[in-house]
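Q: mmCIF, C-alpha atoms and all ligand atoms, file entry-v4.cif:
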```cif
data_data
loop_
_atom_site.label_atom_id
_atom_site.label_comp_id
_atom_site.auth_asym_id
_atom_site.auth_seq_id
_atom_site.Cartn_x
_atom_site.Cartn_y
_atom_site.Cartn_z
CA MET O 1 7.21 17.55 -86.40
CA ASN O 2 4.04 15.86 -87.64
CA THR O 3 3.99 16.02 -91.46
CA ILE O 4 0.49 17.42 -91.77
CA ILE O 5 1.26 20.18 -89.27
CA THR O 6 4.49 20.96 -91.12
CA HIS O 7 2.55 21.34 -94.37
CA ILE O 8 -0.02 23.61 -92.76
CA LEU O 9 2.72 25.79 -91.26
CA THR O 10 4.69 26.11 -94.50
CA ARG O 11 1.99 26.47 -97.21
CA ARG O 12 2.16 29.73 -99.11
CA SER O 13 0.32 31.21 -102.06
CA VAL O 14 2.29 30.66 -105.26
CA ARG O 15 1.90 33.13 -108.12
CA SER O 16 4.45 31.92 -110.61
CA PHE O 17 4.18 28.54 -112.33
CA THR O 18 6.14 26.46 -114.80
CA GLU O 19 4.36 25.34 -117.97
CA GLU O 20 4.51 21.68 -116.93
CA GLN O 21 1.08 20.18 -116.38
CA ILE O 22 0.42 18.52 -113.04
CA ARG O 23 0.03 14.74 -112.95
CA ASP O 24 -3.46 13.27 -113.32
CA GLU O 25 -3.08 11.32 -110.09
CA ASP O 26 -2.15 14.51 -108.22
CA LEU O 27 -5.17 16.35 -109.64
CA ASP O 28 -7.38 13.44 -108.57
CA LEU O 29 -5.96 13.59 -105.02
CA ILE O 30 -6.51 17.34 -104.82
CA LEU O 31 -10.11 16.93 -105.99
CA GLN O 32 -10.65 14.04 -103.61
CA ALA O 33 -9.44 16.26 -100.78
CA ALA O 34 -12.01 18.85 -101.90
CA THR O 35 -14.91 16.42 -101.94
CA LEU O 36 -14.02 15.19 -98.45
CA ALA O 37 -13.87 18.65 -96.87
CA PRO O 38 -16.22 19.38 -93.99
CA ASN O 39 -19.44 21.02 -95.18
CA GLY O 40 -22.62 22.33 -93.59
CA MET O 41 -25.09 19.53 -92.78
CA ASN O 42 -23.13 17.26 -95.13
CA GLN O 43 -25.16 18.50 -98.07
CA GLU O 44 -22.11 18.50 -100.35
CA PRO O 45 -23.72 21.25 -102.44
CA TRP O 46 -20.61 21.71 -104.53
CA HIS O 47 -19.16 20.93 -107.91
CA PHE O 48 -15.50 21.04 -108.91
CA THR O 49 -14.48 21.85 -112.46
CA ALA O 50 -10.83 21.25 -113.33
CA ILE O 51 -9.75 23.07 -116.48
CA GLN O 52 -6.47 22.03 -118.07
CA ASP O 53 -7.17 22.70 -121.74
CA PRO O 54 -5.05 25.75 -122.72
CA GLU O 55 -7.64 27.02 -125.21
CA THR O 56 -10.45 26.85 -122.63
CA LEU O 57 -8.22 28.62 -120.09
CA ARG O 58 -7.48 31.32 -122.64
CA LYS O 59 -11.18 31.83 -123.33
CA LEU O 60 -11.96 32.00 -119.62
CA GLU O 61 -9.20 34.54 -119.12
CA GLU O 62 -10.68 36.64 -121.90
CA LYS O 63 -14.18 36.42 -120.42
CA VAL O 64 -13.01 37.33 -116.93
CA ASP O 65 -10.41 39.97 -117.64
CA GLY O 66 -11.12 41.10 -121.12
CA THR O 67 -7.37 41.63 -121.39
CA ALA O 68 -4.27 39.56 -121.97
CA ASP O 69 -3.64 39.51 -118.19
CA SER O 70 -3.87 36.21 -116.43
CA PHE O 71 -5.95 36.43 -113.29
CA PHE O 72 -4.67 32.93 -112.46
CA TYR O 73 -1.00 33.65 -113.20
CA HIS O 74 -0.88 31.34 -116.24
CA ALA O 75 -1.16 28.25 -114.05
CA PRO O 76 -1.63 25.07 -116.12
CA THR O 77 -4.60 23.92 -114.02
CA LEU O 78 -7.50 25.96 -112.75
CA ILE O 79 -10.15 24.49 -110.46
CA LEU O 80 -13.51 26.23 -110.22
CA VAL O 81 -15.50 25.57 -107.06
CA SER O 82 -19.20 26.13 -107.56
CA ILE O 83 -22.05 25.80 -105.09
CA GLU O 84 -25.78 25.26 -105.66
CA ILE O 85 -27.36 28.70 -105.80
CA GLY O 86 -29.17 29.46 -102.56
CA ASN O 87 -27.23 27.09 -100.32
CA ALA O 88 -26.92 28.64 -96.86
CA TYR O 89 -23.33 27.52 -96.35
CA GLU O 90 -21.84 28.55 -99.67
CA LYS O 91 -19.01 30.65 -98.21
CA GLU O 92 -18.13 28.22 -95.43
CA ASP O 93 -18.20 25.13 -97.65
CA THR O 94 -16.15 26.87 -100.32
CA ALA O 95 -13.49 27.91 -97.80
CA CYS O 96 -13.23 24.37 -96.42
CA ALA O 97 -12.91 22.82 -99.89
CA MET O 98 -10.41 25.45 -101.03
CA THR O 99 -8.28 24.98 -97.92
CA ASN O 100 -8.25 21.21 -98.32
CA MET O 101 -7.15 21.60 -101.94
CA MET O 102 -4.42 24.12 -101.11
CA GLN O 103 -3.04 21.87 -98.41
CA ALA O 104 -3.22 18.78 -100.63
CA ALA O 105 -1.43 20.63 -103.44
CA HIS O 106 1.32 21.72 -101.06
CA ALA O 107 1.72 18.20 -99.67
CA LEU O 108 2.18 16.96 -103.25
CA GLY O 109 4.93 19.50 -103.96
CA LEU O 110 2.66 21.77 -106.01
CA GLY O 111 1.89 25.45 -105.65
CA SER O 112 -1.56 27.02 -105.59
CA VAL O 113 -3.32 30.31 -105.07
CA TRP O 114 -6.92 31.37 -104.57
CA CYS O 115 -7.86 33.70 -107.43
CA ASN O 116 -10.75 35.91 -106.42
CA ARG O 117 -11.81 37.45 -109.69
CA ILE O 118 -14.78 35.25 -110.58
CA ASN O 119 -16.29 34.82 -107.14
CA HIS O 120 -16.18 38.55 -106.56
CA ASP O 121 -18.35 39.21 -109.58
CA PRO O 122 -21.92 38.01 -108.88
CA LYS O 123 -22.89 38.21 -112.57
CA LEU O 124 -19.86 36.35 -113.87
CA GLY O 125 -20.07 33.57 -111.30
CA VAL O 126 -23.38 32.34 -112.73
CA GLN O 127 -22.41 32.63 -116.40
CA LEU O 128 -19.91 29.84 -116.71
CA SER O 129 -21.96 26.83 -117.81
CA SER O 130 -19.93 26.73 -121.04
CA PHE O 131 -16.86 26.25 -118.81
CA GLY O 132 -18.16 23.14 -117.09
CA VAL O 133 -20.05 24.77 -114.23
CA PRO O 134 -23.44 23.05 -113.80
CA GLU O 135 -26.61 25.08 -114.37
CA GLY O 136 -27.98 26.32 -111.05
CA TYR O 137 -24.51 26.62 -109.52
CA LYS O 138 -22.38 29.69 -109.02
CA VAL O 139 -18.61 29.89 -108.84
CA THR O 140 -17.54 30.70 -105.29
CA GLY O 141 -13.81 29.98 -105.44
CA THR O 142 -11.09 29.51 -108.03
CA LEU O 143 -7.79 27.77 -107.42
CA ALA O 144 -4.75 27.97 -109.68
CA VAL O 145 -2.46 24.95 -109.38
CA GLY O 146 0.90 24.08 -110.86
CA TYR O 147 4.57 23.52 -110.20
CA PRO O 148 6.11 26.58 -108.56
CA LYS O 149 8.53 28.47 -110.81
CA GLY O 150 11.55 29.41 -108.73
CA ALA O 151 11.89 28.98 -105.01
CA TYR O 152 8.83 28.18 -102.92
CA PRO O 153 8.03 31.22 -100.69
CA SER O 154 9.28 31.11 -97.10
CA PRO O 155 6.77 30.48 -94.34
CA ARG O 156 4.73 33.57 -93.52
CA ILE O 157 5.28 35.39 -90.24
CA PRO O 158 1.75 35.75 -88.89
CA LYS O 159 0.35 38.99 -87.46
CA GLN O 160 0.86 39.20 -83.71
CA GLY O 161 -1.93 39.56 -81.16
CA THR O 162 -4.51 37.43 -82.96
CA ILE O 163 -4.76 34.73 -80.29
CA THR O 164 -6.37 34.88 -76.84
CA TYR O 165 -6.06 32.08 -74.31
CA ILE O 166 -8.54 31.78 -71.48
CA ARG O 167 -7.28 29.20 -69.04
CA SER O 168 -8.03 28.40 -65.45
C1 LIG O 201 -10.63 34.53 -99.98
C2 LIG O 201 -9.27 34.70 -100.58
C3 LIG O 201 -9.12 35.40 -101.77
C4 LIG O 201 -7.87 35.55 -102.36
N1 LIG O 201 -7.77 36.15 -103.57
C5 LIG O 201 -6.57 36.24 -104.17
C6 LIG O 201 -6.45 36.76 -105.49
O1 LIG O 201 -7.42 37.13 -106.13
N2 LIG O 201 -5.21 36.85 -106.04
C7 LIG O 201 -4.10 36.44 -105.36
O2 LIG O 201 -3.00 36.55 -105.90
N3 LIG O 201 -4.18 35.92 -104.11
C8 LIG O 201 -5.38 35.80 -103.51
N4 LIG O 201 -5.48 35.23 -102.27
C9 LIG O 201 -4.28 34.79 -101.55
C10 LIG O 201 -3.95 35.72 -100.39
O3 LIG O 201 -3.45 36.94 -100.91
C11 LIG O 201 -2.93 35.03 -99.47
O4 LIG O 201 -3.52 33.88 -98.93
C12 LIG O 201 -2.47 35.95 -98.34
O5 LIG O 201 -1.72 37.03 -98.85
C13 LIG O 201 -1.60 35.19 -97.33
O6 LIG O 201 -0.46 34.66 -97.98
P1 LIG O 201 -0.15 33.09 -98.00
O7 LIG O 201 -1.33 32.38 -98.63
O8 LIG O 201 1.09 32.96 -98.85
O9 LIG O 201 0.05 32.63 -96.60
C14 LIG O 201 -6.73 35.04 -101.69
C15 LIG O 201 -6.88 34.32 -100.51
C16 LIG O 201 -8.13 34.13 -99.97
C17 LIG O 201 -8.28 33.28 -98.73
#
```
Let me see the file written as C-alpha cells.
A:
Amino acid sequence: MNTIITHILTRRSVRSFTEEQIRDEDLDLILQAATLAPNGMNQEPWHFTAIQDPETLRKLEEKVDGTADSFFYHAPTLILVSIEIGNAYEKEDTACAMTNMMQAAHALGLGSVWCNRINHDPKLGVQLSSFGVPEGYKVTGTLAVGYPKGAYPSPRIPKQGTITYIRS
C-alpha cells in the first residue's frame, strides 16, 4: 500500500515515552510539516514553540497542573501551537497543523499525542509568553512527542456507520 496511506491508517496516540530526546532533524521536519499545513486564506496565523528543556517543561507542568502529574506524559518534547488572537480559523488551522505534525512524527518512527489541557483553559492559553508563546497569540493545541516506550499501539478499529456514500 502507498506509504503515506499506511501511516495515516496506523497512527495512534502514544502516552508513554522513553527519556531519549528526539533528533533535531526530526523535530525540524515535524515543524516544517506544521508550517506547510493547509490554513484558512493562507494567513498562516500560527506560531510553533518547541520546548525540550527539562526545567522549562517542569515549570510548565507546574503552571498547568499545579501537581506532579504530567499532562504531557513526560514526553521529552512538547510543541505548543498558538494562533493570533481573533483569527477566524483558529480551530481549523490548529487541527490541520496538529494532524500534519502527528502524521510526520509517526512517519519518522516517533509517537505523539494531543494534550488538551492548555487549549481547554482560555485564561491559561494566553498566559504563556514566558514559555515562548508570542504576545497576542493564544495556545490552541499542544503536542507531546517522543520515542514510544513499549510496543506501538495497534491500529484503531473505527466506529461503524460513520460513512455515507451517495452514488448514481
Ligand atoms: C482535540 C483533541 C484533544 C485531545 N486531547 C487529549 C488529551 O488531553 N490527552 C490525551 O491523552 N489524548 C488526547 N487526545 C487524543 C485522543 O484521545 C485520541 O486521538 C483518540 O482517543 C483516538 O485514538 P488514536 O489517536 O490513538 O487513534 C486528543 C485528541 C484530539 C483530536
Q: Could you pull out the residues sitting within 6 Å of ligand LIG 201 (chain O), using all atoms listed in the file, and write them as an NGL selection string?
A: :O and (12-13 or 113-117 or 156)
Q: Residues as selected, C-alpha atoms, written as a tab-separated table (two decimals), keeping the file's coordinate frame, can you do that?
A:
```tsv
chain	number	residue	atom	x	y	z
O	12	ARG	CA	2.16	29.73	-99.11
O	13	SER	CA	0.32	31.21	-102.06
O	113	VAL	CA	-3.32	30.31	-105.07
O	114	TRP	CA	-6.92	31.37	-104.57
O	115	CYS	CA	-7.86	33.70	-107.43
O	116	ASN	CA	-10.75	35.91	-106.42
O	117	ARG	CA	-11.81	37.45	-109.69
O	156	ARG	CA	4.73	33.57	-93.52
```
Q: So that I can check the surroundings of Ala37 in chain O, please list as a compact mmCIF listing (two decimals) with C-alpha atoms, in the frame of the given file every protein, DNA and RNA residue that reaches within 9 Å of it, counting all atoms listed in the file and ignoring chain neighbours fewer than 5 positions away.
A:
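out-v1.txt was written with the following content:
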```
# COMPACT_ATOMS: atom_id res chain seq x y z
CA GLN O 32 -10.65 14.04 -103.61
CA GLU O 44 -22.11 18.50 -100.35
CA ASP O 93 -18.20 25.13 -97.65
CA CYS O 96 -13.23 24.37 -96.42
CA ALA O 97 -12.91 22.82 -99.89
CA MET O 98 -10.41 25.45 -101.03
CA THR O 99 -8.28 24.98 -97.92
CA ASN O 100 -8.25 21.21 -98.32
CA MET O 101 -7.15 21.60 -101.94
```
Q: Enumerate, in order of chain and increasing residue number, the residues of range 99-139 of chain O with an atom no farther than 10 Å from range 70-92 of chain O, each with its shortest atom pair and distance in Å to one decimal, counting all atoms listed in the file, as a tab-separated table.
A:
```
residue	atom	partner	partner_atom	distance
O:Met101	CA	O:Ile79	CA	9.5
O:Gly111	CA	O:Ala75	CA	9.4
O:Ser112	CA	O:Ala75	CA	8.6
O:Val113	CA	O:Phe72	CA	8.0
O:Trp114	CA	O:Phe72	CA	8.4
O:Cys115	CA	O:Phe72	CA	6.0
O:Asn116	CA	O:Phe71	CA	8.4
O:Arg117	CA	O:Phe71	CA	7.0
O:Ile118	CA	O:Leu80	CA	9.1
O:Asn119	CA	O:Ser82	CA	9.2
O:Gly125	CA	O:Ser82	CA	8.4
O:Val126	CA	O:Ile85	CA	8.8
O:Leu128	CA	O:Leu80	CA	9.8
O:Phe131	CA	O:Leu80	CA	9.2
O:Gly132	CA	O:Leu80	CA	8.9
O:Val133	CA	O:Ser82	CA	6.9
O:Pro134	CA	O:Ser82	CA	8.1
O:Glu135	CA	O:Glu84	CA	8.8
O:Gly136	CA	O:Ile85	CA	5.8
O:Tyr137	CA	O:Glu84	CA	4.3
O:Lys138	CA	O:Ser82	CA	5.0
O:Val139	CA	O:Ser82	CA	4.0
```
Q: For Trp46 in chain O, which of O:Gln127, O:Thr3, O:Gln103, O:Thr140 is the closest residue, counting all atoms listed in the file?
A: O:Thr140
Q: Go through O:Leu143, O:Ala50, O:Val64, O:Leu110 and flag the residue nearest Arg11 in chain O, using only C-alpha atoms for the distances.
A: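 For Arg11 in chain O, the nearest of the given residues is O:Leu110.
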Q: Can you measure CA of Ile8 in chain O to CA of Leu31 in chain O for me? One decimal in Å is fine.
A: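 So the two atoms, CA of Ile8 in chain O and CA of Leu31 in chain O, lie 17.9 Å apart.
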Q: Will you model all heavy atoms for range 39-50 of chain O and pass it back as an mmCIF file, in the coordinates of the input?
A:
```cif
data_model
loop_
_atom_site.group_PDB
_atom_site.id
_atom_site.type_symbol
_atom_site.label_atom_id
_atom_site.label_comp_id
_atom_site.auth_asym_id
_atom_site.auth_seq_id
_atom_site.Cartn_x
_atom_site.Cartn_y
_atom_site.Cartn_z
ATOM 1 N N ASN O 39 -18.457 20.128 -94.514
ATOM 2 C CA ASN O 39 -19.440 21.020 -95.180
ATOM 3 C C ASN O 39 -20.727 21.015 -94.377
ATOM 4 O O ASN O 39 -21.062 20.027 -93.717
ATOM 5 C CB ASN O 39 -19.662 20.572 -96.620
ATOM 6 C CG ASN O 39 -20.254 19.188 -96.737
ATOM 7 O OD1 ASN O 39 -21.468 19.040 -96.880
ATOM 8 N ND2 ASN O 39 -19.434 18.148 -96.635
ATOM 9 N N GLY O 40 -21.435 22.140 -94.426
ATOM 10 C CA GLY O 40 -22.620 22.330 -93.590
ATOM 11 C C GLY O 40 -23.692 21.279 -93.810
ATOM 12 O O GLY O 40 -24.170 21.109 -94.934
ATOM 13 N N MET O 41 -24.045 20.570 -92.765
ATOM 14 C CA MET O 41 -25.090 19.530 -92.780
ATOM 15 C C MET O 41 -24.816 18.415 -93.793
ATOM 16 O O MET O 41 -25.728 17.724 -94.232
ATOM 17 C CB MET O 41 -26.465 20.158 -93.049
ATOM 18 C CG MET O 41 -26.874 21.126 -91.935
ATOM 19 S SD MET O 41 -28.406 21.976 -92.277
ATOM 20 C CE MET O 41 -29.582 20.660 -92.089
ATOM 21 N N ASN O 42 -23.564 18.281 -94.161
ATOM 22 C CA ASN O 42 -23.130 17.260 -95.130
ATOM 23 C C ASN O 42 -24.000 17.244 -96.388
ATOM 24 O O ASN O 42 -24.322 16.190 -96.935
ATOM 25 C CB ASN O 42 -23.108 15.861 -94.480
ATOM 26 C CG ASN O 42 -22.226 14.893 -95.259
ATOM 27 O OD1 ASN O 42 -21.345 15.304 -96.014
ATOM 28 N ND2 ASN O 42 -22.475 13.608 -95.107
ATOM 29 N N GLN O 43 -24.341 18.430 -96.859
ATOM 30 C CA GLN O 43 -25.160 18.500 -98.070
ATOM 31 C C GLN O 43 -24.318 18.350 -99.344
ATOM 32 O O GLN O 43 -24.855 18.118 -100.414
ATOM 33 C CB GLN O 43 -25.899 19.848 -98.121
ATOM 34 C CG GLN O 43 -26.918 20.006 -97.003
ATOM 35 C CD GLN O 43 -27.574 21.386 -97.064
ATOM 36 O OE1 GLN O 43 -28.391 21.674 -97.934
ATOM 37 N NE2 GLN O 43 -27.196 22.238 -96.144
ATOM 38 N N GLU O 44 -23.011 18.563 -99.195
ATOM 39 C CA GLU O 44 -22.110 18.500 -100.350
ATOM 40 C C GLU O 44 -22.726 19.223 -101.557
ATOM 41 O O GLU O 44 -22.922 18.638 -102.619
ATOM 42 C CB GLU O 44 -21.775 17.039 -100.695
ATOM 43 C CG GLU O 44 -21.138 16.302 -99.526
ATOM 44 C CD GLU O 44 -20.843 14.841 -99.822
ATOM 45 O OE1 GLU O 44 -19.972 14.582 -100.653
ATOM 46 O OE2 GLU O 44 -21.495 13.966 -99.210
ATOM 47 N N PRO O 45 -22.993 20.519 -101.395
ATOM 48 C CA PRO O 45 -23.720 21.250 -102.440
ATOM 49 C C PRO O 45 -22.811 21.766 -103.554
ATOM 50 O O PRO O 45 -23.153 22.707 -104.242
ATOM 51 C CB PRO O 45 -24.314 22.422 -101.648
ATOM 52 C CG PRO O 45 -23.253 22.709 -100.620
ATOM 53 C CD PRO O 45 -22.617 21.387 -100.262
ATOM 54 N N TRP O 46 -21.651 21.140 -103.675
ATOM 55 C CA TRP O 46 -20.610 21.710 -104.530
ATOM 56 C C TRP O 46 -20.372 20.923 -105.808
ATOM 57 O O TRP O 46 -20.787 19.787 -105.970
ATOM 58 C CB TRP O 46 -19.311 21.816 -103.757
ATOM 59 C CG TRP O 46 -18.953 20.626 -102.911
ATOM 60 C CD1 TRP O 46 -19.130 19.294 -103.209
ATOM 61 C CD2 TRP O 46 -18.353 20.662 -101.607
ATOM 62 N NE1 TRP O 46 -18.667 18.511 -102.190
ATOM 63 C CE2 TRP O 46 -18.181 19.318 -101.190
ATOM 64 C CE3 TRP O 46 -17.932 21.670 -100.764
ATOM 65 C CZ2 TRP O 46 -17.618 18.979 -99.958
ATOM 66 C CZ3 TRP O 46 -17.368 21.332 -99.546
ATOM 67 C CH2 TRP O 46 -17.224 20.002 -99.153
ATOM 68 N N HIS O 47 -19.644 21.593 -106.699
ATOM 69 C CA HIS O 47 -19.160 20.930 -107.910
ATOM 70 C C HIS O 47 -17.754 21.481 -108.168
ATOM 71 O O HIS O 47 -17.492 22.660 -107.899
ATOM 72 C CB HIS O 47 -20.075 21.219 -109.101
ATOM 73 C CG HIS O 47 -19.749 20.359 -110.269
ATOM 74 N ND1 HIS O 47 -20.271 19.079 -110.437
ATOM 75 C CD2 HIS O 47 -18.921 20.564 -111.335
ATOM 76 C CE1 HIS O 47 -19.782 18.552 -111.540
ATOM 77 N NE2 HIS O 47 -18.964 19.421 -112.097
ATOM 78 N N PHE O 48 -16.880 20.624 -108.651
ATOM 79 C CA PHE O 48 -15.500 21.040 -108.910
ATOM 80 C C PHE O 48 -15.195 20.846 -110.393
ATOM 81 O O PHE O 48 -15.378 19.748 -110.922
ATOM 82 C CB PHE O 48 -14.527 20.232 -108.039
ATOM 83 C CG PHE O 48 -14.851 20.368 -106.574
ATOM 84 C CD1 PHE O 48 -15.598 19.398 -105.914
ATOM 85 C CD2 PHE O 48 -14.471 21.504 -105.874
ATOM 86 C CE1 PHE O 48 -15.936 19.543 -104.572
ATOM 87 C CE2 PHE O 48 -14.806 21.662 -104.531
ATOM 88 C CZ PHE O 48 -15.535 20.679 -103.878
ATOM 89 N N THR O 49 -14.771 21.903 -111.031
ATOM 90 C CA THR O 49 -14.480 21.850 -112.460
ATOM 91 C C THR O 49 -12.995 22.110 -112.644
ATOM 92 O O THR O 49 -12.513 23.200 -112.314
ATOM 93 C CB THR O 49 -15.290 22.935 -113.211
ATOM 94 O OG1 THR O 49 -16.678 22.763 -112.911
ATOM 95 C CG2 THR O 49 -15.074 22.828 -114.711
ATOM 96 N N ALA O 50 -12.282 21.103 -113.124
ATOM 97 C CA ALA O 50 -10.830 21.250 -113.330
ATOM 98 C C ALA O 50 -10.574 21.530 -114.801
ATOM 99 O O ALA O 50 -10.887 20.701 -115.660
ATOM 100 C CB ALA O 50 -10.107 19.983 -112.890
#
```
